[in-house]
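See below for data14.cif, which holds mmCIF, C-alpha atoms and all ligand atoms.
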data_entry
#
loop_
_atom_site.label_atom_id
_atom_site.label_comp_id
_atom_site.auth_asym_id
_atom_site.auth_seq_id
_atom_site.Cartn_x
_atom_site.Cartn_y
_atom_site.Cartn_z
CA MET A 111 -9.68 -15.30 16.34
CA ASN A 112 -13.10 -16.83 16.52
CA HIS A 113 -14.51 -14.86 13.57
CA TYR A 114 -11.75 -16.05 11.22
CA LEU A 115 -13.31 -18.89 9.18
CA GLY A 116 -10.50 -19.80 6.77
CA TYR A 117 -9.57 -19.05 3.17
CA ARG A 118 -11.39 -19.02 -0.15
CA CYS A 119 -9.71 -18.97 -3.55
CA THR A 120 -10.52 -15.78 -5.47
CA PHE A 121 -10.56 -17.64 -8.75
CA CYS A 122 -12.05 -21.13 -8.20
CA ASP A 123 -13.87 -20.70 -4.83
CA THR A 124 -12.06 -23.64 -3.16
CA GLU A 125 -12.50 -23.29 0.62
CA ILE A 126 -9.72 -24.08 3.08
CA SER A 127 -9.71 -24.43 6.87
CA PRO A 128 -8.19 -21.64 9.00
CA THR A 129 -5.62 -23.86 10.67
CA GLU A 130 -3.72 -24.63 7.48
CA ILE A 131 -0.64 -22.53 6.81
CA LEU A 132 -1.36 -21.99 3.18
CA TYR A 133 -0.25 -19.45 0.67
CA THR A 134 -1.90 -19.94 -2.71
CA CYS A 135 -4.77 -22.18 -3.83
CA PRO A 136 -3.81 -25.88 -3.94
CA ALA A 137 -6.33 -26.43 -6.75
CA CYS A 138 -5.53 -23.61 -9.19
CA GLY A 139 -2.60 -21.64 -7.76
CA GLY A 140 -4.72 -18.49 -7.38
CA ASN A 141 -4.61 -15.97 -4.51
CA LEU A 142 -6.58 -16.84 -1.37
CA ASP A 143 -8.96 -14.45 0.38
CA VAL A 144 -9.28 -14.61 4.15
CA VAL A 145 -12.92 -15.37 5.07
CA LEU A 146 -14.44 -13.69 8.12
CA ASP A 147 -17.67 -14.50 9.96
CA TYR A 148 -19.51 -11.28 9.18
CA ARG A 149 -22.65 -12.28 11.08
CA ARG A 150 -20.68 -12.85 14.24
CA ILE A 151 -18.86 -9.51 13.86
CA GLN A 152 -22.22 -7.76 13.31
CA GLN A 153 -23.63 -9.33 16.47
CA LYS A 154 -20.71 -8.12 18.55
CA TYR A 155 -19.82 -4.72 17.07
CA ARG A 156 -21.27 -1.57 15.57
CA PRO A 157 -19.32 1.11 13.69
CA GLU A 158 -19.49 3.35 16.77
CA ASP A 159 -17.52 0.75 18.70
CA ILE A 160 -14.68 1.25 16.23
CA PHE A 161 -14.97 5.06 16.00
CA SER A 162 -14.76 5.40 19.76
CA ARG A 163 -11.60 3.33 20.19
CA ALA A 164 -8.60 5.20 21.56
CA GLU A 165 -6.04 2.97 19.74
CA GLY A 166 -4.13 5.14 17.25
CA SER A 167 -2.85 2.39 14.96
CA LEU A 168 -4.25 -0.27 12.63
CA TRP A 169 -4.98 -2.36 15.74
CA ARG A 170 -8.12 -0.25 16.26
CA TYR A 171 -9.59 -2.60 13.61
CA GLU A 172 -8.76 -5.79 15.50
CA PRO A 173 -12.46 -6.80 15.49
CA LEU A 174 -12.21 -7.02 11.66
CA LEU A 175 -8.85 -8.78 11.50
CA PRO A 176 -8.04 -12.52 11.33
CA VAL A 177 -5.25 -12.20 13.92
CA THR A 178 -5.01 -10.97 17.49
CA ASP A 179 -2.84 -8.06 18.50
CA PRO A 180 0.46 -9.61 19.63
CA GLY A 181 0.91 -6.82 22.16
CA GLY A 182 4.00 -4.68 22.15
CA LEU A 183 1.82 -1.71 23.06
CA ALA A 184 4.76 0.62 23.53
CA THR A 185 6.55 -0.45 20.34
CA PRO A 186 6.52 0.61 16.65
CA LEU A 187 4.10 -2.27 16.01
CA HIS A 188 1.49 0.02 17.53
CA ALA A 189 2.49 2.89 15.25
CA ALA A 190 1.59 1.07 12.01
CA GLY A 191 -1.41 2.55 10.25
CA TRP A 192 -3.79 5.35 11.28
CA THR A 193 -1.87 7.65 8.96
CA PRO A 194 -2.94 11.26 8.43
CA VAL A 195 -5.21 12.54 5.69
CA TYR A 196 -4.46 16.03 4.36
CA GLN A 197 -6.36 18.51 2.21
CA PRO A 198 -3.44 20.50 0.77
CA GLU A 199 -4.94 23.68 -0.70
CA ARG A 200 -2.17 24.44 -3.14
CA LEU A 201 -2.37 20.96 -4.65
CA ILE A 202 -6.17 21.16 -4.76
CA ARG A 203 -6.03 24.49 -6.63
CA GLY A 204 -3.58 23.04 -9.13
CA LEU A 205 -5.75 19.98 -9.74
CA GLY A 206 -8.96 22.01 -9.99
CA LEU A 207 -10.88 19.52 -7.84
CA ARG A 208 -13.53 20.45 -5.28
CA LYS A 209 -12.89 17.57 -2.92
CA PHE A 210 -9.44 16.08 -2.56
CA TRP A 211 -7.60 14.21 0.15
CA LEU A 212 -4.08 12.88 0.36
CA LYS A 213 -3.37 9.97 2.68
CA ASP A 214 0.29 9.91 3.69
CA GLU A 215 1.56 6.38 4.20
CA GLY A 216 5.08 7.75 4.47
CA LYS A 217 4.14 8.37 8.11
CA ASN A 218 4.26 4.67 8.95
CA PRO A 219 7.05 3.54 11.32
CA THR A 220 9.34 2.25 8.54
CA ALA A 221 7.99 4.92 6.17
CA SER A 222 5.85 2.96 3.72
CA PHE A 223 2.45 1.31 3.28
CA LYS A 224 4.16 -2.09 3.71
CA ASP A 225 4.09 -1.74 7.51
CA ARG A 226 0.41 -2.61 7.44
CA ALA A 227 1.02 -6.01 5.84
CA SER A 228 4.09 -6.74 7.93
CA ALA A 229 2.33 -5.95 11.23
CA ILE A 230 -0.39 -8.48 10.45
CA VAL A 231 2.05 -11.12 9.17
CA VAL A 232 4.24 -10.94 12.29
CA ALA A 233 1.08 -11.31 14.39
CA ARG A 234 0.22 -14.40 12.37
CA SER A 235 3.78 -15.73 12.70
CA ARG A 236 3.44 -15.41 16.48
CA GLU A 237 0.14 -17.33 16.42
CA ILE A 238 1.52 -20.22 14.37
CA GLY A 239 4.79 -20.28 16.32
CA ALA A 240 7.07 -19.60 13.34
CA ASP A 241 10.79 -19.33 14.17
CA VAL A 242 11.69 -17.33 11.10
CA VAL A 243 9.73 -15.10 8.73
CA VAL A 244 11.21 -14.54 5.29
CA THR A 245 10.31 -12.14 2.52
CA ALA A 246 11.42 -11.08 -0.91
CA SER A 247 11.34 -7.35 -1.33
CA THR A 248 12.21 -4.46 -3.60
CA GLY A 249 13.12 -2.80 -0.29
CA ASN A 250 10.03 -1.53 1.49
CA ALA A 251 8.37 -4.87 2.27
CA GLY A 252 11.67 -6.05 3.72
CA ALA A 253 12.22 -2.89 5.75
CA ALA A 254 8.69 -3.18 7.09
CA LEU A 255 9.09 -6.86 7.98
CA ALA A 256 12.48 -6.21 9.57
CA GLY A 257 11.09 -3.31 11.63
CA MET A 258 7.87 -4.98 12.73
CA ALA A 259 9.70 -8.25 13.50
CA ALA A 260 12.27 -6.38 15.59
CA ALA A 261 9.42 -4.78 17.54
CA ILE A 262 8.26 -8.18 18.81
CA GLU A 263 11.62 -10.05 18.76
CA GLN A 264 10.78 -12.18 15.73
CA ASN A 265 13.60 -13.45 13.48
CA ALA A 266 13.42 -12.15 9.91
CA VAL A 267 15.30 -12.99 6.71
CA ILE A 268 15.12 -10.57 3.76
CA LEU A 269 16.08 -11.23 0.12
CA ALA A 270 16.26 -8.10 -2.01
CA PRO A 271 17.80 -7.20 -5.37
CA LYS A 272 21.28 -5.74 -4.95
CA THR A 273 20.06 -2.69 -6.90
CA ALA A 274 17.61 -1.66 -4.12
CA PRO A 275 18.04 2.00 -3.01
CA ALA A 276 20.72 2.37 -0.34
CA ALA A 277 18.37 3.85 2.26
CA LYS A 278 16.16 0.78 2.10
CA ILE A 279 19.12 -1.60 2.46
CA ALA A 280 20.32 0.46 5.43
CA GLN A 281 16.94 0.04 7.08
CA LEU A 282 17.05 -3.75 6.67
CA LEU A 283 20.45 -3.91 8.29
CA ILE A 284 19.71 -1.48 11.11
CA TYR A 285 16.56 -3.36 12.13
CA GLY A 286 18.74 -6.42 12.58
CA ALA A 287 17.28 -8.73 9.95
CA GLN A 288 19.41 -11.29 8.16
CA VAL A 289 19.87 -9.59 4.79
CA VAL A 290 20.81 -11.33 1.57
CA LEU A 291 21.10 -9.30 -1.64
CA VAL A 292 20.59 -11.22 -4.86
CA ASP A 293 22.36 -10.49 -8.09
CA GLY A 294 19.05 -10.48 -9.95
CA SER A 295 15.58 -8.95 -10.00
CA TYR A 296 12.83 -8.75 -7.37
CA ASP A 297 11.15 -11.61 -9.24
CA ASP A 298 14.29 -13.76 -8.85
CA ALA A 299 14.32 -13.00 -5.12
CA PHE A 300 10.64 -13.88 -4.93
CA ASP A 301 11.09 -17.34 -6.42
CA LEU A 302 14.13 -18.06 -4.26
CA THR A 303 12.25 -17.07 -1.11
CA ILE A 304 9.47 -19.52 -1.84
CA GLN A 305 11.95 -22.36 -2.36
CA ALA A 306 13.79 -21.44 0.86
CA SER A 307 10.60 -21.28 2.90
CA ARG A 308 9.65 -24.77 1.68
CA GLU A 309 13.04 -26.28 2.35
CA PHE A 310 13.77 -24.57 5.71
CA GLY A 311 10.22 -24.37 7.07
CA TRP A 312 10.33 -20.57 7.25
CA TYR A 313 7.06 -18.62 7.25
CA CYS A 314 6.91 -16.64 4.01
CA ARG A 315 5.53 -13.08 3.97
CA ASN A 316 5.81 -12.57 0.22
CA THR A 317 3.44 -9.89 -1.00
CA GLY A 318 0.29 -11.35 -2.54
CA TYR A 319 1.50 -14.92 -2.00
CA ASN A 320 0.74 -14.79 1.75
CA PRO A 321 -3.03 -14.19 2.17
CA PHE A 322 -2.47 -12.14 5.33
CA THR A 323 -0.69 -9.30 3.52
CA ALA A 324 -3.98 -8.13 1.99
CA GLU A 325 -5.59 -8.35 5.43
CA GLY A 326 -3.04 -5.82 6.66
CA LYS A 327 -3.37 -3.59 3.65
CA LYS A 328 -7.16 -3.54 3.91
CA THR A 329 -6.84 -1.50 7.11
CA ALA A 330 -6.14 1.58 4.94
CA ALA A 331 -9.65 1.15 3.49
CA PHE A 332 -11.06 1.11 7.03
CA GLU A 333 -9.22 4.35 7.76
CA ILE A 334 -10.51 5.99 4.57
CA TRP A 335 -13.99 4.95 5.72
CA GLU A 336 -13.47 6.51 9.15
CA GLN A 337 -11.50 9.59 8.11
CA VAL A 338 -13.36 10.52 4.92
CA LEU A 339 -16.35 8.39 3.85
CA ARG A 340 -18.37 8.53 7.01
CA HIS A 341 -18.57 12.31 6.60
CA PHE A 342 -20.02 11.98 3.07
CA ARG A 343 -23.66 12.89 2.55
CA ALA A 344 -26.08 10.63 0.70
CA GLY A 345 -26.05 11.56 -2.97
CA ASN A 346 -22.34 12.32 -3.02
CA LYS A 347 -20.52 10.89 -6.02
CA PRO A 348 -18.43 7.82 -5.12
CA LEU A 349 -14.93 8.48 -3.83
CA CYS A 350 -12.20 7.82 -6.42
CA VAL A 351 -9.12 6.30 -4.76
CA PHE A 352 -5.80 6.49 -6.63
CA VAL A 353 -2.97 4.15 -5.71
CA SER A 354 0.18 2.92 -7.40
CA VAL A 355 0.41 -0.76 -8.32
CA GLY A 356 3.38 -3.14 -8.34
CA ASP A 357 2.39 -6.66 -7.29
CA GLY A 358 -1.19 -5.41 -6.98
CA ASN A 359 -1.59 -6.26 -3.30
CA ILE A 360 -2.33 -2.74 -2.01
CA ILE A 361 -5.18 -2.25 -4.47
CA SER A 362 -6.61 -5.72 -3.82
CA GLY A 363 -6.22 -5.17 -0.07
CA LEU A 364 -8.13 -1.88 -0.32
CA HIS A 365 -10.81 -3.70 -2.29
CA LYS A 366 -11.03 -6.41 0.40
CA GLY A 367 -11.37 -3.79 3.13
CA PHE A 368 -14.21 -1.97 1.39
CA LYS A 369 -15.90 -5.32 0.62
CA ASP A 370 -15.70 -6.26 4.32
CA LEU A 371 -17.42 -2.99 5.23
CA MET A 372 -20.12 -3.47 2.57
CA ALA A 373 -20.75 -7.05 3.75
CA LEU A 374 -21.18 -5.78 7.30
CA GLY A 375 -23.63 -3.12 6.10
CA TRP A 376 -21.30 -0.42 7.44
CA LEU A 377 -20.60 1.23 4.07
CA GLU A 378 -23.27 2.21 1.55
CA ARG A 379 -21.30 2.78 -1.58
CA MET A 380 -18.16 1.15 -2.94
CA PRO A 381 -15.40 3.64 -3.79
CA ARG A 382 -13.90 3.47 -7.28
CA LEU A 383 -10.35 2.08 -7.29
CA PHE A 384 -7.83 3.48 -9.79
CA GLY A 385 -4.52 1.67 -10.17
CA VAL A 386 -1.51 3.57 -11.50
CA GLN A 387 1.51 1.92 -13.10
CA SER A 388 4.61 3.18 -14.84
CA GLU A 389 4.65 2.57 -18.58
CA LEU A 390 7.93 0.77 -17.84
CA SER A 391 6.27 -1.74 -15.48
CA SER A 392 2.71 -2.13 -16.62
CA ALA A 393 1.75 -5.82 -16.50
CA VAL A 394 -1.45 -5.26 -14.49
CA ALA A 395 -2.58 -2.20 -16.46
CA ASP A 396 -1.93 -4.09 -19.71
CA ALA A 397 -4.12 -6.99 -18.55
CA TYR A 398 -6.87 -4.56 -17.49
CA LEU A 399 -6.74 -2.80 -20.86
CA ALA A 400 -6.86 -6.17 -22.65
CA GLY A 401 -9.93 -7.15 -20.61
CA THR A 402 -8.34 -10.16 -18.90
CA GLU A 403 -7.29 -11.23 -15.41
CA VAL A 404 -4.47 -13.29 -16.89
CA ILE A 405 -1.17 -11.48 -16.38
CA THR A 406 1.56 -11.56 -19.02
CA PRO A 407 4.97 -10.71 -17.53
CA VAL A 408 6.91 -7.66 -18.72
CA LYS A 409 10.54 -6.60 -18.40
CA ALA A 410 10.16 -3.87 -15.78
CA THR A 411 12.63 -0.96 -15.90
CA THR A 412 10.87 1.95 -14.15
CA LEU A 413 12.87 4.16 -11.79
CA ALA A 414 9.99 3.77 -9.32
CA ASP A 415 11.65 0.71 -7.78
CA SER A 416 8.79 -0.16 -5.42
CA ILE A 417 6.47 -0.78 -8.37
CA SER A 418 9.06 -2.34 -10.67
CA VAL A 419 7.73 -5.89 -11.05
CA ASN A 420 7.98 -8.27 -14.01
CA LEU A 421 5.24 -10.68 -12.91
CA PRO A 422 2.82 -9.11 -10.40
CA ARG A 423 1.85 -11.78 -7.85
CA ASP A 424 -1.56 -10.35 -7.07
CA GLY A 425 -2.32 -9.19 -10.61
CA GLY A 426 -5.62 -11.01 -11.15
CA ARG A 427 -7.23 -9.60 -8.02
CA ALA A 428 -5.72 -6.19 -8.81
CA VAL A 429 -7.43 -6.14 -12.23
CA ARG A 430 -10.66 -7.24 -10.58
CA ALA A 431 -10.45 -4.46 -7.98
CA ALA A 432 -10.67 -1.80 -10.71
CA VAL A 433 -13.26 -3.66 -12.81
CA GLU A 434 -15.65 -4.44 -9.94
CA THR A 435 -15.52 -0.91 -8.54
CA GLU A 436 -15.82 0.91 -11.88
CA GLY A 437 -12.35 2.31 -11.50
CA ALA A 438 -9.61 1.94 -14.10
CA TYR A 439 -5.87 1.55 -14.71
CA ILE A 440 -3.70 4.41 -15.84
CA LYS A 441 -0.15 4.22 -17.21
CA VAL A 442 2.20 7.14 -16.62
CA ALA A 443 5.67 8.01 -17.90
CA ASP A 444 8.55 8.09 -15.42
CA ALA A 445 8.95 11.82 -16.25
CA ASP A 446 5.36 12.37 -15.02
CA ILE A 447 6.25 10.58 -11.77
CA ILE A 448 9.25 12.84 -11.24
CA ARG A 449 7.09 15.92 -11.83
CA ALA A 450 4.51 14.65 -9.33
CA ILE A 451 7.27 14.36 -6.70
CA ILE A 452 7.76 18.13 -7.08
CA ASP A 453 4.02 18.90 -6.89
CA LEU A 454 3.74 16.91 -3.66
CA GLY A 455 6.88 18.50 -2.28
CA ALA A 456 5.42 21.96 -2.87
CA ALA A 457 2.53 20.92 -0.61
CA GLY A 458 4.90 19.77 2.13
CA ILE A 459 4.74 16.07 1.29
CA PHE A 460 7.89 14.15 0.38
CA ALA A 461 7.11 11.04 -1.67
CA GLU A 462 9.26 8.33 -3.15
CA PRO A 463 8.65 7.76 -6.89
CA ALA A 464 6.14 4.92 -6.36
CA GLY A 465 4.18 7.16 -3.99
CA ALA A 466 4.11 10.08 -6.40
CA ALA A 467 3.01 7.80 -9.25
CA ALA A 468 -0.52 7.80 -7.79
CA LEU A 469 -0.74 11.59 -8.13
CA ALA A 470 0.71 11.42 -11.64
CA GLY A 471 -2.09 9.00 -12.53
CA LEU A 472 -4.73 11.39 -11.20
CA GLN A 473 -3.19 14.28 -13.15
CA LYS A 474 -3.34 12.21 -16.33
CA ALA A 475 -6.96 11.12 -15.70
CA LEU A 476 -7.96 14.77 -15.21
CA ALA A 477 -6.07 15.93 -18.30
CA GLU A 478 -7.81 13.28 -20.39
CA GLY A 479 -11.25 14.15 -19.03
CA ASP A 480 -11.75 10.78 -17.35
CA LEU A 481 -12.64 12.52 -14.07
CA LEU A 482 -14.62 15.72 -13.47
CA GLU A 483 -13.96 18.55 -11.05
CA ASP A 484 -16.81 17.43 -8.78
CA ASP A 485 -15.50 13.86 -8.46
CA PRO A 486 -14.23 13.41 -4.89
CA VAL A 487 -10.70 12.00 -5.00
CA LEU A 488 -8.27 10.51 -2.49
CA VAL A 489 -4.65 9.87 -3.48
CA ILE A 490 -2.44 7.56 -1.46
CA ASN A 491 1.22 8.45 -1.10
CA SER A 492 2.54 4.95 -0.39
CA GLY A 493 6.14 5.77 0.62
CA ASN A 494 8.38 8.48 2.07
CA GLY A 495 10.80 10.34 -0.21
CA LEU A 496 13.75 9.76 2.10
CA LYS A 497 13.64 6.16 0.91
CA ASP A 498 15.16 7.11 -2.44
CA ILE A 499 17.23 10.28 -2.45
CA ARG A 500 18.78 9.60 -5.84
CA ALA A 501 15.38 9.70 -7.53
CA ALA A 502 14.43 12.82 -5.56
CA MET A 503 17.54 14.65 -6.76
CA MET A 504 16.60 13.86 -10.36
CA ALA A 505 13.48 15.99 -9.86
CA VAL A 506 15.32 19.16 -8.82
CA PRO A 507 18.33 21.22 -10.00
CA ASN A 508 21.50 21.11 -7.93
CA PRO A 509 21.60 24.03 -5.51
CA ALA A 510 24.11 26.84 -6.09
CA ILE A 511 27.30 26.92 -4.02
CA ILE A 512 28.71 30.37 -3.15
CA GLU A 513 31.43 31.97 -1.04
CA PRO A 514 30.00 32.72 2.44
CA THR A 515 29.90 36.51 1.86
CA MET A 516 27.08 39.00 1.35
CA SER A 517 28.54 40.13 -1.95
CA ALA A 518 28.53 36.60 -3.30
CA LEU A 519 24.97 36.10 -2.06
CA LYS A 520 23.85 39.35 -3.71
CA LEU A 521 25.55 38.42 -6.94
CA HIS A 522 23.86 35.06 -6.90
CA LEU A 523 20.41 36.49 -6.22
CA GLU A 524 20.87 39.08 -8.96
CA LYS A 525 21.87 36.45 -11.47
CA LYS A 526 18.87 34.38 -10.50
CA GLY A 527 16.65 37.43 -10.88
CA ARG A 528 17.99 38.01 -14.37
CA ILE A 529 17.27 34.43 -15.35
CA GLU A 530 13.67 34.55 -14.09
C1 LIG A 601 5.04 -2.04 -2.53
C2 LIG A 601 4.77 -0.63 -2.84
C3 LIG A 601 3.79 -0.25 -3.78
C4 LIG A 601 2.99 -1.23 -4.57
O1 LIG A 601 2.25 -2.14 -3.80
P1 LIG A 601 1.83 -3.53 -4.44
O2 LIG A 601 1.07 -4.21 -3.38
O3 LIG A 601 3.11 -4.23 -4.80
O4 LIG A 601 1.02 -3.23 -5.64
C5 LIG A 601 3.60 1.09 -4.01
N1 LIG A 601 4.32 2.02 -3.37
C6 LIG A 601 5.25 1.71 -2.46
C7 LIG A 601 6.03 2.81 -1.82
C8 LIG A 601 5.52 0.37 -2.17
O5 LIG A 601 6.48 0.07 -1.29
ZN ZN A 602 -8.22 -21.84 -6.80
#

Can you dump the structure from the file as structure tokens?
Amino acid sequence: MNHYLGYRCTFCDTEISPTEILYTCPACGGNLDVVLDYRRIQQKYRPEDIFSRAEGSLWRYEPLLPVTDPGGLATPLHAAGWTPVYQPERLIRGLGLRKFWLKDEGKNPTASFKDRASAIVVARSREIGADVVVTASTGNAGAALAGMAAAIEQNAVILAPKTAPAAKIAQLLIYGAQVVLVDGSYDDAFDLTIQASREFGWYCRNTGYNPFTAEGKKTAAFEIWEQVLRHFRAGNKPLCVFVSVGDGNIISGLHKGFKDLMALGWLERMPRLFGVQSELSSAVADAYLAGTEVITPVKATTLADSISVNLPRDGGRAVRAAVETEGAYIKVADADIIRAIIDLGAAGIFAEPAGAAALAGLQKALAEGDLLEDDPVLVINSGNGLKDIRAAMMAVPNPAIIEPTMSALKLHLEKKGRIE
């Protein structure tokens, strides 16, 4: 695309030409930001040009992306993004907030936020003529790559820990990717993927490592701008966005998206970004609380597998996203995450643990008085609950089993009544 200028390192400002297939900074190893020609975009487009587009997917933001739409109009590639935003009254009453939105990323074609990154990376792979795209994954990134690659007949190889939830492994296999499970952690799979991409010349999608993943994830910020922020009146308090954090690429992608809009003069006020981590996988939150962008690895054990990461690969930018937007990091217990699954379910939204973690973080921030009832809040549910049935069943009691007779049903209901 002619408004894609290249890359710039987030940490040492090294600039790199757009034609290089680069992952991290050759000078310091830091994450690279994709640089766009904002002046050129401003000359060609106005916000109204975006708002009036009929495209109901993340491709409505093509003017702000560093890749061109690879086509596949009638495929799931054109179902990624443009997810719904709800205002669930029951949840709002429980939270005691005046303005609350929930953006449901479980509605993406492979049922998680990762479709955004994978759609953009397969577009890039098409542009650079890559034969094979490879990714390490806790499950969702792989499912998303496998699904988006299948949509445009791109070969994909996925390395995931053998402990990934069964539903996610099933997705990988059904979408026809070459699947290799490693007897190790997500971090082990990550390192192996990078070695394999070097040796075999595969294009590597790894979250945070590939600069285009954030460019996909930033499209959620554009949607929040269109669906929520453009209806704000001047003088409104800034929107507080809550999202769960594993590698830290969703939160840094959201930050990039809002920064793009500010640079274009299309957004007046930066939303505050709040990252939520499990206490059992808290490397980014720990760095934030210690006041540093340097990430110290942890031994992650949370049941929220999508955010179970020892060494977050986009941790520095993820810390910065909260610091620069006057947001914060919040650590929650796994028991709080399980409870949040139930609260979302009662509002008709089925979230996997990593998705519910964002709500658990908001609940904790409210309980501790860090937010007020007139703060406008948007929570992102990043993944569908069908992804991890085992975790879902931990949140609820087993249902009763009875003889199929009225007397047995009556007896059961009576017993229940007595208990309540
Ligand atoms: C990957 C993932 C996250 C975390 O995103 P990061 O970019 O790794 O921080 C959160 N929720 C779900 C469902 C995910 O799949
Ligand atoms: Zn650098």

note = As a check of understanding: the span from atom CA of Ala240 of chain A to atom CA of Val145 of chain A is 22.0 Å

inquiry  = Show me, as a list of chain:residue names, the residues that have an atom within 12 Å of Arg118 of chain A when counting all atoms listed in the file, minus same-chain residues fewer than 6 positions from it.
reply    = A:Thr124, A:Glu125, A:Ile126, A:Ser127, A:Pro128, A:Leu132, A:Tyr133, A:Thr134, A:Cys135, A:Pro136, A:Ala137, A:Cys138, A:Gly139, A:Gly140, A:Asn141, A:Leu142, A:Asp143, A:Val144, A:Val145, A:Leu146, A:Pro321

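Minimum distance to Arg340 of chain A across A:Pro157, A:Gln305, A:Lys328, A:Ile512 (counting all atoms listed in the file) occurs at A:Pro157.
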
Just want the residues within 7 Å of ligand LIG 601 (chain A), written as a CSV table (one decimal) with C-alpha atoms, in the frame of the given file, counting all atoms listed in the file.
chain,number,residue,atom,x,y,z
A,222,SER,CA,5.8,3.0,3.7
A,223,PHE,CA,2.4,1.3,3.3
A,224,LYS,CA,4.2,-2.1,3.7
A,250,ASN,CA,10.0,-1.5,1.5
A,251,ALA,CA,8.4,-4.9,2.3
A,317,THR,CA,3.4,-9.9,-1.0
A,354,SER,CA,0.2,2.9,-7.4
A,355,VAL,CA,0.4,-0.8,-8.3
A,356,GLY,CA,3.4,-3.1,-8.3
A,357,ASP,CA,2.4,-6.7,-7.3
A,358,GLY,CA,-1.2,-5.4,-7.0
A,359,ASN,CA,-1.6,-6.3,-3.3
A,360,ILE,CA,-2.3,-2.7,-2.0
A,361,ILE,CA,-5.2,-2.2,-4.5
A,416,SER,CA,8.8,-0.2,-5.4
A,417,ILE,CA,6.5,-0.8,-8.4
A,462,GLU,CA,9.3,8.3,-3.2
A,464,ALA,CA,6.1,4.9,-6.4
A,465,GLY,CA,4.2,7.2,-4.0
A,492,SER,CA,2.5,5.0,-0.4
A,493,GLY,CA,6.1,5.8,0.6

remark   = Counting all atoms listed in the file, the residue among A:Ala229, A:Ile279, A:Met504, A:Ile131 that lies closest to Gly252 of chain A is A:Ile279

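Closest to Ala502 of chain A among A:Tyr313, A:Pro275, A:Pro407, A:Ser362 is A:Pro275, based on only C-alpha atoms.
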
ask   = Of the candidates A:Ala184, A:Met380, A:Gly426, A:Asn218, which one gets nearest to ligand ZN 602 (chain A) if we count all atoms listed in the file?
value = A:Gly426

request  = Pick out the residues sitting within 8 Å of segment 468-485 of chain A, and hand them over as a ChimeraX atom specification; count all atoms listed in the file, and ignore anything fewer than 2 positions along from it in its own chain.
outcome  = /A:205-209,347-350,352-354,385-387,440-442,446-447,449-450,464-466,487,489-491

How about saving the chosen residues, C-alpha atoms kept, as a compact mmCIF listing (two decimals), in the coordinates of the input?
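Once everything was written out, this is selection36.txt:
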# COMPACT_ATOMS: atom_id res chain seq x y z
CA LEU A 205 -5.75 19.98 -9.74
CA GLY A 206 -8.96 22.01 -9.99
CA LEU A 207 -10.88 19.52 -7.84
CA ARG A 208 -13.53 20.45 -5.28
CA LYS A 209 -12.89 17.57 -2.92
CA LYS A 347 -20.52 10.89 -6.02
CA PRO A 348 -18.43 7.82 -5.12
CA LEU A 349 -14.93 8.48 -3.83
CA CYS A 350 -12.20 7.82 -6.42
CA PHE A 352 -5.80 6.49 -6.63
CA VAL A 353 -2.97 4.15 -5.71
CA SER A 354 0.18 2.92 -7.40
CA GLY A 385 -4.52 1.67 -10.17
CA VAL A 386 -1.51 3.57 -11.50
CA GLN A 387 1.51 1.92 -13.10
CA ILE A 440 -3.70 4.41 -15.84
CA LYS A 441 -0.15 4.22 -17.21
CA VAL A 442 2.20 7.14 -16.62
CA ASP A 446 5.36 12.37 -15.02
CA ILE A 447 6.25 10.58 -11.77
CA ARG A 449 7.09 15.92 -11.83
CA ALA A 450 4.51 14.65 -9.33
CA ALA A 464 6.14 4.92 -6.36
CA GLY A 465 4.18 7.16 -3.99
CA ALA A 466 4.11 10.08 -6.40
CA VAL A 487 -10.70 12.00 -5.00
CA VAL A 489 -4.65 9.87 -3.48
CA ILE A 490 -2.44 7.56 -1.46
CA ASN A 491 1.22 8.45 -1.10

key: Residue neighbourhood Ile160 of chain A, 7 Å, only C-alpha atoms, exclusion window fewer than 3 positions, as a list of chain:residue names   = A:Pro157, A:Arg163, A:Arg170, A:Tyr171

Please, what is the axis-aligned box for every listed atom of segment 407-416 of chain A with 8 Å on each side, as centre and edge lengths in Å to one decimal, as lines of an AutoDock Vina configuration file?
center_x = 8.9
center_y = -3.3
center_z = -12.1
size_x = 23.9
size_y = 30.9
size_z = 29.3

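Between atom CA of Ala501 of chain A and atom CA of Leu413 of chain A the separation is 7.4 Å.
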
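Interatomic distance, atom CA of Thr120 of chain A to atom CA of Glu403 of chain A: 11.4 Å.
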
Surrounding residues of Ala287 of chain A excluding itself and chain neighbours under 5 positions, 6 Å, all atoms listed in the file, as a PyMOL selection string = chain A and resi 256+266-267+282

Within 12 Å of file point (14.6, 23.9, -7.3), counting all atoms listed in the file, expressed as a ChimeraX atom specification = /A:449,452-453,455-456,502-510,526

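Considering all atoms listed in the file, the residue among A:Ala393, A:Ile151, A:Ile202, A:Ala189 positioned nearest to Pro173 of chain A is A:Ile151.
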
key: Protein, DNA and RNA residues within 10 Å of (-0.9, -8.1, 19.4), all atoms listed in the file, as a ChimeraX atom specification   = /A:169,172,177-183,187-188,229-230,232-234,236-237,262
